[in-house]
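Here is entry_28.cif, consisting of mmCIF, C-alpha atoms and all ligand atoms:
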```cif
data_model
loop_
_atom_site.label_atom_id
_atom_site.label_comp_id
_atom_site.auth_asym_id
_atom_site.auth_seq_id
_atom_site.Cartn_x
_atom_site.Cartn_y
_atom_site.Cartn_z
CA MET V 27 9.93 9.14 29.11
CA ASN V 28 12.93 10.02 26.97
CA PHE V 29 13.62 7.94 23.87
CA HIS V 30 16.24 10.29 22.41
CA GLY V 31 19.25 8.45 21.06
CA ARG V 32 17.51 5.06 21.16
CA THR V 33 19.73 2.85 19.02
CA SER V 34 19.58 -0.79 20.17
CA TYR V 35 17.19 -2.99 18.22
CA THR V 36 16.08 -6.59 18.63
CA PRO V 37 14.20 -8.32 15.78
CA MET V 38 10.57 -9.44 16.18
CA ASN V 39 9.97 -12.83 17.73
CA GLN V 40 6.82 -14.92 18.12
CA SER V 41 5.70 -13.13 21.29
CA SER V 42 6.41 -9.57 20.06
CA ARG V 43 3.52 -7.11 20.24
CA VAL V 44 2.98 -6.04 16.63
CA TYR V 45 0.48 -3.40 15.51
CA ILE V 46 -0.69 -3.53 11.90
CA ALA V 47 -2.32 -0.18 11.09
CA GLY V 48 -4.80 -0.72 8.23
CA HIS V 49 -5.18 -4.48 8.74
CA CYS V 50 -8.53 -4.53 6.87
CA GLY V 51 -6.89 -3.20 3.70
CA MET V 52 -5.17 -5.13 0.94
CA VAL V 53 -1.62 -4.62 2.25
CA GLY V 54 -2.42 -4.73 5.97
CA SER V 55 -4.40 -7.96 5.64
CA ALA V 56 -1.55 -9.56 3.69
CA ILE V 57 0.95 -8.53 6.40
CA SER V 58 -1.38 -9.98 9.07
CA ARG V 59 -1.60 -13.29 7.17
CA ARG V 60 2.18 -13.37 6.74
CA LEU V 61 2.84 -12.72 10.45
CA GLN V 62 0.24 -15.30 11.52
CA THR V 63 1.90 -17.85 9.25
CA SER V 64 5.19 -17.12 11.05
CA GLY V 65 3.51 -17.91 14.37
CA LEU V 66 3.30 -14.39 15.86
CA THR V 67 0.57 -14.49 18.45
CA GLN V 68 0.30 -10.90 19.70
CA LEU V 69 -0.97 -9.03 16.65
CA LEU V 70 -2.72 -5.77 17.53
CA THR V 71 -5.42 -4.61 15.12
CA CYS V 72 -8.23 -2.04 15.21
CA THR V 73 -10.90 -1.27 12.67
CA ARG V 74 -11.42 2.36 11.68
CA SER V 75 -14.49 2.56 13.90
CA GLU V 76 -12.46 1.33 16.88
CA LEU V 77 -9.54 3.70 16.22
CA ASP V 78 -9.75 6.52 13.70
CA LEU V 79 -6.13 7.28 12.83
CA LEU V 80 -7.05 10.88 11.94
CA ASN V 81 -7.64 11.46 15.63
CA GLN V 82 -4.29 12.29 17.25
CA SER V 83 -5.38 11.92 20.87
CA ALA V 84 -7.10 8.59 20.18
CA VAL V 85 -3.93 7.32 18.48
CA ASN V 86 -1.81 8.43 21.45
CA ARG V 87 -4.18 6.70 23.86
CA PHE V 88 -4.01 3.51 21.85
CA PHE V 89 -0.20 3.51 21.87
CA ALA V 90 -0.06 4.40 25.58
CA ASN V 91 -2.41 1.52 26.43
CA GLU V 92 -1.24 -1.16 24.02
CA LYS V 93 2.51 -0.37 23.78
CA PRO V 94 3.17 -2.03 20.42
CA GLU V 95 6.84 -2.98 19.99
CA TYR V 96 6.71 -3.09 16.19
CA VAL V 97 4.43 -1.17 13.82
CA PHE V 98 3.56 -1.80 10.18
CA LEU V 99 1.97 1.43 8.93
CA ALA V 100 -0.29 0.19 6.11
CA ALA V 101 -3.20 2.55 6.77
CA ALA V 102 -3.69 5.30 4.22
CA LYS V 103 -6.23 6.90 1.96
CA VAL V 104 -5.56 5.07 -1.31
CA GLY V 105 -7.23 5.32 -4.72
CA GLY V 106 -6.89 5.27 -8.50
CA ILE V 107 -6.36 8.17 -10.92
CA LEU V 108 -9.95 9.44 -10.81
CA ALA V 109 -10.17 9.46 -7.02
CA ASN V 110 -6.75 11.14 -6.71
CA ALA V 111 -7.52 13.77 -9.32
CA THR V 112 -10.93 14.70 -7.88
CA HIS V 113 -10.17 14.54 -4.13
CA PRO V 114 -6.64 15.95 -3.74
CA ALA V 115 -7.47 17.78 -0.50
CA GLU V 116 -8.58 14.56 1.21
CA PHE V 117 -5.60 12.58 -0.10
CA LEU V 118 -3.21 15.21 1.24
CA ARG V 119 -4.91 15.88 4.57
CA GLU V 120 -5.80 12.33 5.58
CA ASN V 121 -2.46 10.81 4.65
CA LEU V 122 -0.50 13.55 6.41
CA LEU V 123 -2.62 13.11 9.54
CA ILE V 124 -2.57 9.30 9.63
CA GLN V 125 1.19 8.98 9.17
CA THR V 126 2.06 11.92 11.46
CA ASN V 127 -0.17 10.60 14.24
CA VAL V 128 1.12 7.02 14.01
CA ILE V 129 4.84 7.76 13.56
CA ASP V 130 4.89 10.31 16.38
CA ALA V 131 2.88 8.13 18.79
CA ALA V 132 5.11 5.12 18.02
CA TYR V 133 8.20 7.18 18.83
CA ARG V 134 6.69 8.67 22.01
CA HIS V 135 5.42 5.37 23.41
CA GLY V 136 8.54 3.28 22.96
CA THR V 137 7.93 1.32 19.74
CA LYS V 138 11.18 -0.43 18.82
CA LYS V 139 10.73 -0.20 15.07
CA LEU V 140 8.22 1.14 12.54
CA LEU V 141 7.83 0.32 8.86
CA PHE V 142 6.25 3.06 6.72
CA LEU V 143 4.69 2.23 3.36
CA GLY V 144 5.15 4.81 0.64
CA SER V 145 4.46 4.29 -3.02
CA SER V 146 6.22 4.41 -6.39
CA CYS V 147 4.21 7.56 -7.22
CA ILE V 148 6.62 9.57 -5.04
CA TYR V 149 9.05 9.56 -7.97
CA PRO V 150 9.14 12.24 -10.69
CA LYS V 151 6.88 11.75 -13.68
CA PHE V 152 9.85 11.55 -16.05
CA ALA V 153 12.29 9.68 -13.79
CA PRO V 154 14.78 7.54 -15.77
CA GLN V 155 13.61 3.90 -15.97
CA PRO V 156 13.99 1.63 -14.09
CA ILE V 157 13.47 4.13 -11.27
CA GLN V 158 16.23 4.26 -8.68
CA GLU V 159 15.64 5.44 -5.11
CA ASP V 160 17.98 8.38 -5.83
CA SER V 161 15.41 9.82 -8.28
CA LEU V 162 13.38 11.15 -5.36
CA LEU V 163 12.83 14.94 -5.60
CA THR V 164 14.89 15.37 -8.77
CA SER V 165 12.02 16.82 -10.88
CA ALA V 166 8.25 17.39 -11.06
CA LEU V 167 5.68 14.77 -10.00
CA GLU V 168 2.77 13.35 -12.02
CA PRO V 169 0.12 16.08 -11.53
CA THR V 170 -2.88 13.73 -11.15
CA ASN V 171 -1.61 12.21 -7.89
CA GLU V 172 0.63 14.99 -6.69
CA ALA V 173 -1.26 15.53 -3.41
CA TYR V 174 -0.96 11.84 -2.47
CA ALA V 175 2.71 11.75 -3.49
CA ILE V 176 3.55 14.87 -1.48
CA ALA V 177 1.96 13.30 1.61
CA LYS V 178 3.95 10.10 1.10
CA ILE V 179 7.19 12.07 0.62
CA ALA V 180 6.44 13.90 3.88
CA GLY V 181 5.98 10.50 5.55
CA LEU V 182 9.31 9.08 4.46
CA LYS V 183 11.04 12.37 5.35
CA MET V 184 9.41 12.24 8.79
CA ALA V 185 10.72 8.68 9.29
CA GLN V 186 14.21 9.84 8.31
CA ALA V 187 14.03 12.95 10.52
CA TYR V 188 12.86 10.97 13.58
CA ARG V 189 15.73 8.53 13.01
CA GLN V 190 18.25 11.36 12.62
CA GLN V 191 17.09 13.54 15.51
CA TYR V 192 15.64 11.01 17.97
CA GLY V 193 17.33 7.73 17.00
CA PHE V 194 13.88 6.23 16.25
CA ASN V 195 14.19 3.10 14.13
CA ALA V 196 11.81 3.82 11.24
CA ILE V 197 12.27 2.41 7.75
CA SER V 198 10.39 3.25 4.53
CA LEU V 199 9.46 1.00 1.62
CA MET V 200 8.28 2.16 -1.81
CA PRO V 201 6.17 -0.62 -3.32
CA THR V 202 5.30 -0.82 -6.99
CA ASN V 203 1.65 -1.30 -8.18
CA LEU V 204 0.06 -4.05 -6.12
CA TYR V 205 -2.85 -6.43 -6.63
CA GLY V 206 -4.34 -9.36 -4.72
CA PRO V 207 -7.03 -10.42 -2.23
CA ASN V 208 -8.85 -7.58 -0.44
CA ASP V 209 -8.08 -5.13 -3.24
CA ASN V 210 -10.57 -2.35 -3.97
CA PHE V 211 -12.79 -3.43 -6.90
CA ASP V 212 -14.97 -0.31 -6.85
CA PRO V 213 -15.10 0.96 -10.50
CA GLU V 214 -14.89 4.59 -9.32
CA SER V 215 -11.67 4.32 -7.34
CA SER V 216 -9.83 1.10 -8.23
CA HIS V 217 -6.33 0.57 -9.68
CA VAL V 218 -5.65 -1.07 -13.05
CA VAL V 219 -5.72 -4.79 -12.09
CA PRO V 220 -8.95 -4.84 -10.04
CA ALA V 221 -10.58 -2.48 -12.57
CA LEU V 222 -9.74 -4.85 -15.45
CA ILE V 223 -10.72 -7.97 -13.48
CA ARG V 224 -14.12 -6.50 -12.74
CA ARG V 225 -14.70 -5.27 -16.31
CA PHE V 226 -13.62 -8.51 -17.98
CA HIS V 227 -15.57 -10.61 -15.49
CA GLU V 228 -18.75 -8.60 -16.08
CA ALA V 229 -18.19 -8.67 -19.86
CA ALA V 230 -17.69 -12.46 -19.75
CA GLN V 231 -20.82 -12.95 -17.64
CA CYS V 232 -23.02 -11.17 -20.18
CA ASN V 233 -21.17 -12.46 -23.28
CA ALA V 234 -20.24 -8.89 -24.31
CA ALA V 235 -18.71 -8.61 -27.78
CA GLU V 236 -15.91 -6.28 -26.69
CA VAL V 237 -14.11 -4.57 -23.84
CA THR V 238 -12.64 -1.13 -24.49
CA LEU V 239 -9.29 -0.20 -22.96
CA TRP V 240 -8.43 3.43 -22.28
CA GLY V 241 -5.39 4.52 -24.33
CA SER V 242 -3.19 2.58 -26.73
CA GLY V 243 -2.47 -0.38 -24.43
CA THR V 244 1.27 0.06 -25.06
CA VAL V 245 2.16 1.66 -21.71
CA ARG V 246 4.11 -0.65 -19.44
CA ARG V 247 3.38 -1.37 -15.77
CA GLU V 248 5.11 -3.40 -13.06
CA LEU V 249 2.67 -5.41 -10.93
CA MET V 250 3.35 -7.29 -7.72
CA HIS V 251 1.14 -9.65 -5.75
CA VAL V 252 0.46 -8.26 -2.29
CA ASP V 253 1.64 -11.49 -0.60
CA ASP V 254 5.08 -10.84 -2.10
CA LEU V 255 4.99 -7.31 -0.66
CA ALA V 256 3.99 -8.66 2.77
CA ASP V 257 6.91 -11.07 2.65
CA ALA V 258 9.26 -8.19 1.75
CA CYS V 259 7.84 -6.08 4.62
CA VAL V 260 8.57 -8.80 7.16
CA PHE V 261 12.00 -9.43 5.64
CA LEU V 262 12.95 -5.74 5.86
CA MET V 263 11.47 -5.36 9.36
CA GLN V 264 13.85 -8.14 10.42
CA ASN V 265 16.89 -7.30 8.32
CA TYR V 266 17.05 -3.61 7.38
CA ASP V 267 17.90 -0.69 9.68
CA GLN V 268 18.95 2.20 7.45
CA PRO V 269 17.45 5.62 6.67
CA GLU V 270 17.48 5.16 2.88
CA ILE V 271 14.17 4.23 1.28
CA VAL V 272 13.91 0.82 -0.43
CA ASN V 273 12.01 0.08 -3.65
CA VAL V 274 9.93 -3.11 -3.56
CA GLY V 275 8.91 -4.59 -6.89
CA THR V 276 9.35 -7.56 -9.20
CA GLY V 277 11.83 -5.85 -11.55
CA GLU V 278 9.63 -6.85 -14.53
CA ASP V 279 6.82 -5.09 -16.38
CA VAL V 280 4.12 -5.86 -19.00
CA THR V 281 2.10 -3.71 -21.41
CA VAL V 282 -1.48 -2.92 -20.43
CA GLN V 283 -2.53 -4.82 -23.57
CA GLN V 284 -0.67 -7.96 -22.38
CA LEU V 285 -2.23 -7.55 -18.94
CA ALA V 286 -5.72 -7.17 -20.44
CA GLU V 287 -5.24 -10.28 -22.61
CA MET V 288 -4.11 -12.30 -19.60
CA ILE V 289 -7.09 -11.17 -17.52
CA GLY V 290 -9.41 -11.78 -20.49
CA GLU V 291 -8.21 -15.41 -20.63
CA ILE V 292 -8.45 -15.92 -16.88
CA THR V 293 -12.02 -14.55 -16.74
CA HIS V 294 -13.06 -16.60 -19.85
CA PHE V 295 -13.92 -13.47 -21.82
CA ARG V 296 -14.50 -14.47 -25.45
CA GLY V 297 -14.95 -11.06 -27.12
CA ARG V 298 -12.49 -8.54 -28.58
CA ILE V 299 -10.25 -6.06 -26.78
CA VAL V 300 -10.52 -2.60 -28.35
CA GLN V 301 -8.26 0.41 -27.65
CA ASP V 302 -9.80 3.87 -27.25
CA THR V 303 -6.80 5.97 -28.33
CA SER V 304 -8.72 9.21 -27.72
CA LYS V 305 -8.21 8.56 -23.98
CA PRO V 306 -4.90 9.43 -22.27
CA ASP V 307 -2.20 6.78 -21.89
CA GLY V 308 -0.55 8.06 -18.71
CA THR V 309 3.16 7.62 -17.97
CA PRO V 310 4.67 5.39 -20.71
CA ARG V 311 6.58 3.17 -18.32
CA LYS V 312 6.83 2.72 -14.56
CA LEU V 313 9.35 0.14 -13.45
CA LEU V 314 11.26 0.23 -10.17
CA ASP V 315 14.95 -0.51 -9.90
CA VAL V 316 15.00 -3.19 -7.20
CA SER V 317 18.76 -3.70 -7.01
CA ARG V 318 18.96 -2.30 -3.44
CA LEU V 319 16.38 -4.86 -2.27
CA THR V 320 17.95 -7.68 -4.25
CA ALA V 321 21.35 -6.88 -2.71
CA LEU V 322 19.75 -7.22 0.73
CA GLY V 323 18.74 -10.78 -0.21
CA TRP V 324 15.03 -10.60 -1.13
CA ARG V 325 13.19 -11.07 -4.42
CA ALA V 326 9.56 -11.57 -5.50
CA HIS V 327 8.33 -15.13 -6.03
CA ILE V 328 4.74 -15.03 -7.34
CA PRO V 329 4.51 -15.09 -11.18
CA LEU V 330 2.00 -12.56 -12.61
CA ARG V 331 -0.27 -15.13 -14.25
CA GLU V 332 -0.47 -17.24 -11.08
CA GLY V 333 -1.12 -14.17 -8.93
CA LEU V 334 -3.88 -12.93 -11.24
CA GLU V 335 -5.58 -16.35 -11.25
CA GLN V 336 -5.53 -16.43 -7.45
CA THR V 337 -6.86 -12.87 -7.25
CA TYR V 338 -9.65 -13.63 -9.71
CA GLY V 339 -10.61 -16.64 -7.58
CA TRP V 340 -10.80 -14.34 -4.56
CA PHE V 341 -12.87 -11.79 -6.48
CA VAL V 342 -15.39 -14.43 -7.57
CA ALA V 343 -15.64 -15.88 -4.07
CA HIS V 344 -16.22 -12.42 -2.54
CA ILE V 345 -18.07 -10.75 -5.40
CA ALA V 346 -21.05 -9.81 -3.25
CA ASN V 347 -18.86 -7.55 -1.12
CA ALA V 348 -15.84 -6.91 -3.35
CA THR V 349 -15.87 -3.13 -3.13
CA ALA V 350 -14.13 -0.78 -0.74
CA GLN V 351 -17.55 0.22 0.54
CA HIS V 352 -18.38 -3.29 1.63
CA ARG V 353 -15.00 -3.93 3.20
CA ARG V 354 -15.79 -1.48 5.98
CA THR V 355 -16.49 -3.29 9.26
CA ALA V 356 -18.65 -1.75 11.95
CA SER V 357 -17.56 -2.17 15.57
CA SER V 358 -17.32 -0.44 18.93
CA ALA V 359 -15.23 2.75 19.32
CA PRO V 360 -13.20 2.69 22.55
CA TYR V 361 -10.52 5.14 21.29
CA GLU V 362 -12.85 7.55 19.54
CA SER V 363 -14.60 9.54 22.21
CA ASP V 364 -13.16 13.02 21.51
CA PHE V 365 -12.96 12.84 17.73
CA SER V 366 -13.87 15.90 15.67
CA PRO V 367 -15.94 14.91 12.63
CA LYS V 368 -14.08 14.73 9.29
CA GLY V 369 -13.33 18.08 7.71
CA THR V 370 -13.88 20.18 10.83
CA THR V 371 -10.37 20.24 12.31
N1 LIG B 401 -2.52 -0.67 -3.53
C1 LIG B 401 -1.38 -0.43 -4.16
O1 LIG B 401 -1.22 -0.71 -5.37
C2 LIG B 401 -0.23 0.19 -3.42
C3 LIG B 401 0.96 0.42 -4.12
C4 LIG B 401 2.02 1.01 -3.46
C5 LIG B 401 1.91 1.34 -2.13
N2 LIG B 401 0.75 1.11 -1.47
C6 LIG B 401 0.69 1.56 -0.07
O2 LIG B 401 0.28 0.52 0.79
C7 LIG B 401 -0.48 1.06 1.86
C8 LIG B 401 -1.79 0.29 1.97
O3 LIG B 401 -2.49 0.35 0.74
P1 LIG B 401 -3.71 -0.63 0.42
O4 LIG B 401 -3.72 -0.85 -1.04
O5 LIG B 401 -3.70 -1.78 1.35
O6 LIG B 401 -4.94 0.33 0.75
P2 LIG B 401 -6.40 -0.09 1.29
O7 LIG B 401 -6.76 -1.45 0.84
O8 LIG B 401 -7.30 1.05 0.95
O9 LIG B 401 -6.19 -0.14 2.86
C9 LIG B 401 -5.96 1.00 3.61
C10 LIG B 401 -6.40 0.73 5.01
O10 LIG B 401 -6.21 1.93 5.76
C11 LIG B 401 -7.34 2.09 6.59
N3 LIG B 401 -7.59 3.49 6.90
C12 LIG B 401 -7.68 4.54 6.05
N4 LIG B 401 -7.97 5.65 6.73
C13 LIG B 401 -8.08 5.29 8.04
C14 LIG B 401 -8.37 5.99 9.22
N5 LIG B 401 -8.62 7.31 9.21
N6 LIG B 401 -8.39 5.31 10.38
C15 LIG B 401 -8.15 3.99 10.41
N7 LIG B 401 -7.86 3.26 9.32
C16 LIG B 401 -7.83 3.91 8.14
C17 LIG B 401 -8.50 1.56 5.75
O11 LIG B 401 -9.56 1.29 6.59
P3 LIG B 401 -11.00 0.90 6.03
O12 LIG B 401 -10.90 -0.57 5.77
O13 LIG B 401 -11.91 1.27 7.11
O14 LIG B 401 -11.18 1.71 4.76
C18 LIG B 401 -7.86 0.33 5.14
O15 LIG B 401 -7.99 -0.77 5.99
C19 LIG B 401 -0.68 2.54 1.56
O16 LIG B 401 0.26 3.29 2.30
C20 LIG B 401 -0.35 2.65 0.10
O17 LIG B 401 0.22 3.89 -0.22
C21 LIG B 401 -0.34 0.54 -2.07
#
```
Please render this file's structure as structure tokens.
Amino acid sequence: MNFHGRTSYTPMNQSSRVYIAGHCGMVGSAISRRLQTSGLTQLLTCTRSELDLLNQSAVNRFFANEKPEYVFLAAAKVGGILANATHPAEFLRENLLIQTNVIDAAYRHGTKKLLFLGSSCIYPKFAPQPIQEDSLLTSALEPTNEAYAIAKIAGLKMAQAYRQQYGFNAISLMPTNLYGPNDNFDPESSHVVPALIRRFHEAAQCNAAEVTLWGSGTVRRELMHVDDLADACVFLMQNYDQPEIVNVGTGEDVTVQQLAEMIGEITHFRGRIVQDTSKPDGTPRKLLDVSRLTALGWRAHIPLREGLEQTYGWFVAHIANATAQHRRTASSAPYESDFSPKGTT
């Protein structure tokens, strides 16, 4: 079948066949909730054990059989600074494979539109703040997550190249730091919000006298609730058809100290917050310029405090299994028969 020059596009409707890759993750589960709320009834999902996205032939079989019309690509190997710095080979290899397999299969099997999720870490370490989309590839990346960022840059370039050469309707979003239900609360690999929620919660539970923050606490971070991101994903899937990447954020940031104080209050921590200034601070500020998104007609709605309270409620309710390890779901493996074990291809 030849899809070269495919240009016409019809927006999703309630009976569209929509595949959410990575639906068990924080972002994928939020997109699933958002689409269900809109009344879409034909959502296609597979756990990792049903369809390993590293396996190119299994991914092609899935697309050939299921023929998804729309694809949200929210599957990726994701982690915090420590995980990125110690496993760069896996972050590079797995993300390149997942996105290459899914984007190519979507194109080959007639998907009408695909949304690729990148990340704000694709931008140079010293990009002018707030970071505009045009900062991409203007100078060196943050070394600690360079492998992950290079994979994500390859993904957005692949989406642009397939659009340019084949007329495939792929768009790419660059979300800021996210938090919310289904986040990874594993202390070894989590991002700043889940890491602080877990530490303050545990400190509050045992009446600890203090919690120590790495660094000075003065660095600034932009944080967005994942339900806002899911809303932006659906909005852009329906309303945006251009090759240029789009930043997705709140347009506001807080210091890590302010964030820690807020989480301390929410978790009822009564001790002191202490800064360990012998530890590195990281990039002083990371705020996305969201004027492109705002001009398209979308903005974030969930205030930080409200989002953190909701996320803490989720963490408490799911504390027994609130780690990435426990989020894995075992199931049958109909698309996995010829898979080479990890690290052998
Ligand atoms: N979290 C953030 O702050 C943030 C910020 C900016 C952008 N993003 C982007 O948003 C996307 C989703 O991130 P997230 O935070 O939702 O990550 P996440 O919670 O770790 O979810 C990733 C999902 O991908 C699935 N996956 C990974 N490898 C797979 C494989 N080989 N086969 C099948 N499924 C696989 C995971 O399956 P399992 O459940 O089996 O592990 C998981 O469901 C990523 O592209 C990320 O770059 C995230």
To check your reading of the model: which residues sit at most 7 Å from ligand LIG 401 (chain B) when counting all atoms listed in the file? Write the answer as number ranges by chain. V: 47-54, 73-74, 77-80, 100-104, 120, 124, 143-146, 200-205, 208-210, 217, 350, 353-355
From the list V:Gln264, V:Thr309, V:Thr293, V:Thr63, the nearest residue to V:Gly323 using all atoms listed in the file is V:Gln264
Which one is closest to V:Thr303: V:Phe194, V:Trp240, V:Trp324, V:Phe341? Count only C-alpha atoms.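 Counting only C-alpha atoms, the residue closest to V:Thr303 is V:Trp240.
If you look at atom CA of V:Val260 and atom CA of V:Ser317, they are 18.2 Å away from each other.
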Could you work out how far atom CA of V:Ser216 lies from atom CA of V:Gln283, giving the answer in Å with one decimal? 18.0 Å
Applying 7 Å and all atoms listed in the file, which residues near V:Gly241 remain after dropping the ones on its own chain fewer than 4 positions away? List them as a VMD selection string. chain V and resid 301 to 307
Can those selected residues be exported to a file as a tab-separated table (two decimals), in the frame of the given file so that it contains C-alpha atoms?
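Below is the file that was written, again-v3.tsv:
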```
chain	number	residue	atom	x	y	z
V	301	GLN	CA	-8.26	0.41	-27.65
V	302	ASP	CA	-9.80	3.87	-27.25
V	303	THR	CA	-6.80	5.97	-28.33
V	304	SER	CA	-8.72	9.21	-27.72
V	305	LYS	CA	-8.21	8.56	-23.98
V	306	PRO	CA	-4.90	9.43	-22.27
V	307	ASP	CA	-2.20	6.78	-21.89
```
Under the rule that only C-alpha atoms are counted, which of V:Ala326, V:Ile46, V:Cys147, V:Val219 is the nearest residue to V:Arg59? V:Ile46
Taking 4 positions as the minimum chain separation for residues in the same chain, which residues sit within 7 Å of stretch 226-235 of chain V when counting only C-alpha atoms? Answer as a PyMOL selection string. chain V and resi 222+290+293-298
Quick one: everything within 6 Å of V:Pro150, counting all atoms listed in the file, minus sequence neighbours fewer than 5 positions away in the same chain. Send it as an mmCIF file with C-alpha atoms, keeping the file's coordinate frame.
```cif
data_model
loop_
_atom_site.group_PDB
_atom_site.id
_atom_site.type_symbol
_atom_site.label_atom_id
_atom_site.label_comp_id
_atom_site.auth_asym_id
_atom_site.auth_seq_id
_atom_site.Cartn_x
_atom_site.Cartn_y
_atom_site.Cartn_z
ATOM 1 C CA SER V 165 12.020 16.820 -10.880
ATOM 2 C CA ALA V 166 8.250 17.390 -11.060
ATOM 3 C CA LEU V 167 5.680 14.770 -10.000
#
```
Just to confirm, what's the straight-line distance from atom CA of V:Ala256 to atom CA of V:Ala115 in Å (one decimal)? 29.0 Å
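Proximity of V:Ile223, V:Ile179, V:Val280, V:Val272 to V:Leu322, computed with all atoms listed in the file, is greatest for V:Val272.
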With 6 Å of padding per side, what axis-aligned box (centre and edge lengths, Å, one decimal) covers all the listed atoms of stretch 254-270 of chain V? Give it as AutoDock Vina command-line options.
```
--center_x 11.5 --center_y -2.7 --center_z 4.2 --size_x 27.0 --size_y 28.7 --size_z 24.5
```
Which one is closest to V:Arg43: V:Asn121, V:Asn127, V:Thr137, V:Gln82? Count all atoms listed in the file.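 Of the candidates, the smallest distance to V:Arg43 is held by V:Thr137.
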If you count only C-alpha atoms, which residues fall within 8 Å of V:Ile271, apart from same-chain ones fewer than 6 positions away, as number ranges by chain? V: 159, 182, 197-200
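Checking V:Val316, V:Leu163, V:Leu122, V:Val237 one by one against V:Val274, counting all atoms listed in the file, you find the shortest gap at V:Val316.
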List the spatial neighbours of V:Val97 as a PyMOL selection string - criterion: any atom at most 10 Å away, only C-alpha atoms, same-chain residues fewer than 3 positions off excluded. chain V and resi 43-47+69-70+94+100+128-129+132+137-142+196+263
Go ahead and find all residues with at least one atom no further than 10 Å from (10.6, -10.2, 13.5) in the file's coordinates, using all atoms listed in the file; report them as a list of chain:residue names. V:Thr36, V:Pro37, V:Met38, V:Asn39, V:Gln40, V:Ser41, V:Ser42, V:Val44, V:Leu61, V:Ser64, V:Leu66, V:Tyr96, V:Val260, V:Phe261, V:Leu262, V:Met263, V:Gln264, V:Asn265
